[in-house]
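Below is one structure, written out as structure tokens, with a few remarks after it.
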Amino acid sequence: MLFPPDKELLQIIGVTLRMSFFSTVISCLIGLPLGALIGSKSFRGKAFLKKLIHTLMGLPPVVAGLIVYMLFTHYGPFGRLQMLFTVRVMVVAQVLLITPVVIGLSSSFIESASKPVIETARGLGFSGVRTAALCIREGRSSLFSVVLNAFGRSIAEVGAVSIVGGNIQWKTRVMTTAIMLETNKGKFSFALALGIILLLIAFAVNALASFIVKEHADG
Amino acid sequence: MKKLFAILLALVMLAGFAACGAKQTPAEETTAAPADVTTEAPVETPANMVIRLSTTTSVNDSGLLPYLLPTFEAKTGYKVEVQSAGTGAAIQKAIDGNADVILVHAKASEEEFIADGYGVERLPFMYNYFVIVGPKDDPAGVKDSADAATAFGKIRESESKFISRGDESGTHKAELKIWGDEKPDPAEDAWYISAGQGMGACLTMASEQQAYCLTDKATFLSMKDTLDLDIVLAEGDDMKNTYSLIAVNPEKIDGINVVGAQAFIDWMLSDEASEMIAKYGEAQYGAALFYLLEK
């Protein structure tokens, strides 16, 4: 299965990348603007909101999986969408898990690192949204690590995706649930080999992303 | 920073390959020097009061072991540490030296385990039946089938959804045996879903998708209230499910609690345990979940 990689392994890698990519993009589209807004503004209830976000950052994946499962189960509120045991619902669970992380990390970063930017924006009389947008623009290379962090969480997560995805062969099986399965089968060395492949993929994605950003910054 | 990460990654990979490569050596060492093991192993173990039992989910999650073990432990003073997983993993744990005795249900794998020298003797002692569960209206019409093979044929013909464990557990192996030479291909046959999960997760999935599933009766009955499924076929000739005890061979694997494993096996085969097993399930489900093999 490993050398050369067979059709099934390639398919599993494909599902893994697709799931992680969409989870990362969606949670960053939601999380980065919110994080920038929270980080650059001061308002009543901010301390409480930050505590709430930090709590959600520690949301156990199995709990997120369970919540999404209950929402999309046959008799659940979104049951008629028939999305349970699909890659789409795995993305939903991942977004629930990762978005608080993106908000939390990006707001802390902007709060601490973007003071001069925020002050300049205030001096120019910018609105809150415009200030937040400026913070994102100015801090983009550092916020990039937040995005990679989100991707890393997404690709490494197993609890939520196995509950809502069901680890179905040729459909919702990803690298982590495949590793779980091989471990449950007692094929520990094969499971470890899959783990190494997962690490290599994560490394490749990181390297590629850094390369693109660097090119972008130079150009 | 990047360099550091690359070095770390290389280290992890090295460790990984070393672990893969090292897998063979313990077995070789023990076969090369059996004399050492046999001279060291006996007696001097009365202090070891822990028995490591590697078993399948169906005997643990159905509540049988939690029901039996307190009596055994109170009587002997042993503490039984139960690890439950699919039969494939349960056996692998014993091969890796992490168990003293196994309780599993996959004859071919058990015989291989013994043939490879890891197990002492296969002691079949109890059985039950696999059942086919499915949607209450039974769309494939398997209800009056003579046996499981016929029922599976009808499921295939009607292309009704079927959830397979797909995890090389005893139940999965039993299922593959029933399909015989015409195993469905998860890649080609969209109705055949290879879930790669435990019995409970598969039953939940079958209920969600209104699919058929082969299960041990005990797990199904213990979850019945949460499932929108019925037993559509029970007790066909090809649905018998036999459980065996096997002590791990101390000549092949060191560190085995030989005395403890034997004490556990002796008690499990005793009249006291037999009576308890025969009664188990009557109070809760109105029928016994396990039957004893004639001695």
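Going through the structure tokens in order, the chains are called A, B, and so on, while each chain numbers its residues from 1 and the ligands are numbered from 1 in the order shown.
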| said: Taking only C-alpha atoms into account and nothing else, which residues of chain B lie no more than 8 Å away from chain A? Please answer as a ChimeraX atom specification. | reply: /B:9,13,16,19-20,85-93,167-169,186-187,193-197,201,205,208
Residues just named, written with C-alpha atoms as a PDB file, in the first residue's frame:
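After the write, result_27.pdb holds the following:
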ATOM      1  CA  LEU B   9      11.391  15.266  11.522  1.00  0.00           C
ATOM      2  CA  MET B  13      11.297   9.099  11.045  1.00  0.00           C
ATOM      3  CA  GLY B  16       9.716   5.114  13.373  1.00  0.00           C
ATOM      4  CA  ALA B  19      10.480   0.590  15.652  1.00  0.00           C
ATOM      5  CA  CYS B  20       9.273  -1.113  12.465  1.00  0.00           C
ATOM      6  CA  ALA B  85     -10.466  -4.248  20.994  1.00  0.00           C
ATOM      7  CA  GLY B  86     -11.329  -6.123  17.821  1.00  0.00           C
ATOM      8  CA  THR B  87     -10.051  -9.706  17.647  1.00  0.00           C
ATOM      9  CA  GLY B  88      -7.223  -8.725  15.267  1.00  0.00           C
ATOM     10  CA  ALA B  89      -5.879  -6.132  17.692  1.00  0.00           C
ATOM     11  CA  ALA B  90      -6.552  -8.339  20.720  1.00  0.00           C
ATOM     12  CA  ILE B  91      -4.331 -11.037  19.253  1.00  0.00           C
ATOM     13  CA  GLN B  92      -1.661  -8.562  18.121  1.00  0.00           C
ATOM     14  CA  LYS B  93      -1.407  -7.185  21.659  1.00  0.00           C
ATOM     15  CA  ASP B 167     -11.681  -3.644  10.863  1.00  0.00           C
ATOM     16  CA  GLU B 168     -10.541  -7.283  10.797  1.00  0.00           C
ATOM     17  CA  SER B 169     -12.411  -7.987  14.002  1.00  0.00           C
ATOM     18  CA  PRO B 186     -16.185  -1.315  -1.146  1.00  0.00           C
ATOM     19  CA  ALA B 187     -14.616   0.620  -4.014  1.00  0.00           C
ATOM     20  CA  ILE B 193     -20.111   0.494   3.325  1.00  0.00           C
ATOM     21  CA  SER B 194     -16.849  -0.462   4.998  1.00  0.00           C
ATOM     22  CA  ALA B 195     -16.944   1.587   8.183  1.00  0.00           C
ATOM     23  CA  GLY B 196     -13.726   0.606   9.938  1.00  0.00           C
ATOM     24  CA  GLN B 197     -15.259   1.122  13.386  1.00  0.00           C
ATOM     25  CA  ALA B 201     -20.477   2.742  15.952  1.00  0.00           C
ATOM     26  CA  MET B 205     -24.481   4.081  11.430  1.00  0.00           C
ATOM     27  CA  GLU B 208     -28.919   6.290  10.660  1.00  0.00           C
TER      28      GLU B 208
END
| So which residues of stretch 86-286 of chain B fall under helix (DSSP H, G or I) by DSSP, listed as number ranges by chain? | B: 87-95, 107-115, 148-158, 170-179, 199-209, 217-226, 237-239, 258-268, 271-279, 282-285
| said: If we count only C-alpha atoms and set the cut-off at 12 Å, which residues sit around A:Phe21, ignoring sequence neighbours fewer than 6 positions away in its own chain? Please answer as a list in words. | reply: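 Residues near the query, excluding close chain neighbours: Ile13, Gly14, Val15, Ser27, Cys28, Val87, Arg88, Met90, Val91, Gln94, Val95, Val147, Leu148, Ala150, Phe151, Gly152, Arg153, Ser154, Ile155, Ala202 and Val205 of chain A.
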| field | Interatomic distance (Å, one decimal) between atom CA of A:Met57 and atom CA of A:Ser20 | value |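 Taking atom CA of A:Met57 as the start and atom CA of A:Ser20 as the end point, the length is 17.7 Å.
Atom CA of A:Gly31 sits 5.3 Å away from atom CA of A:Thr99.
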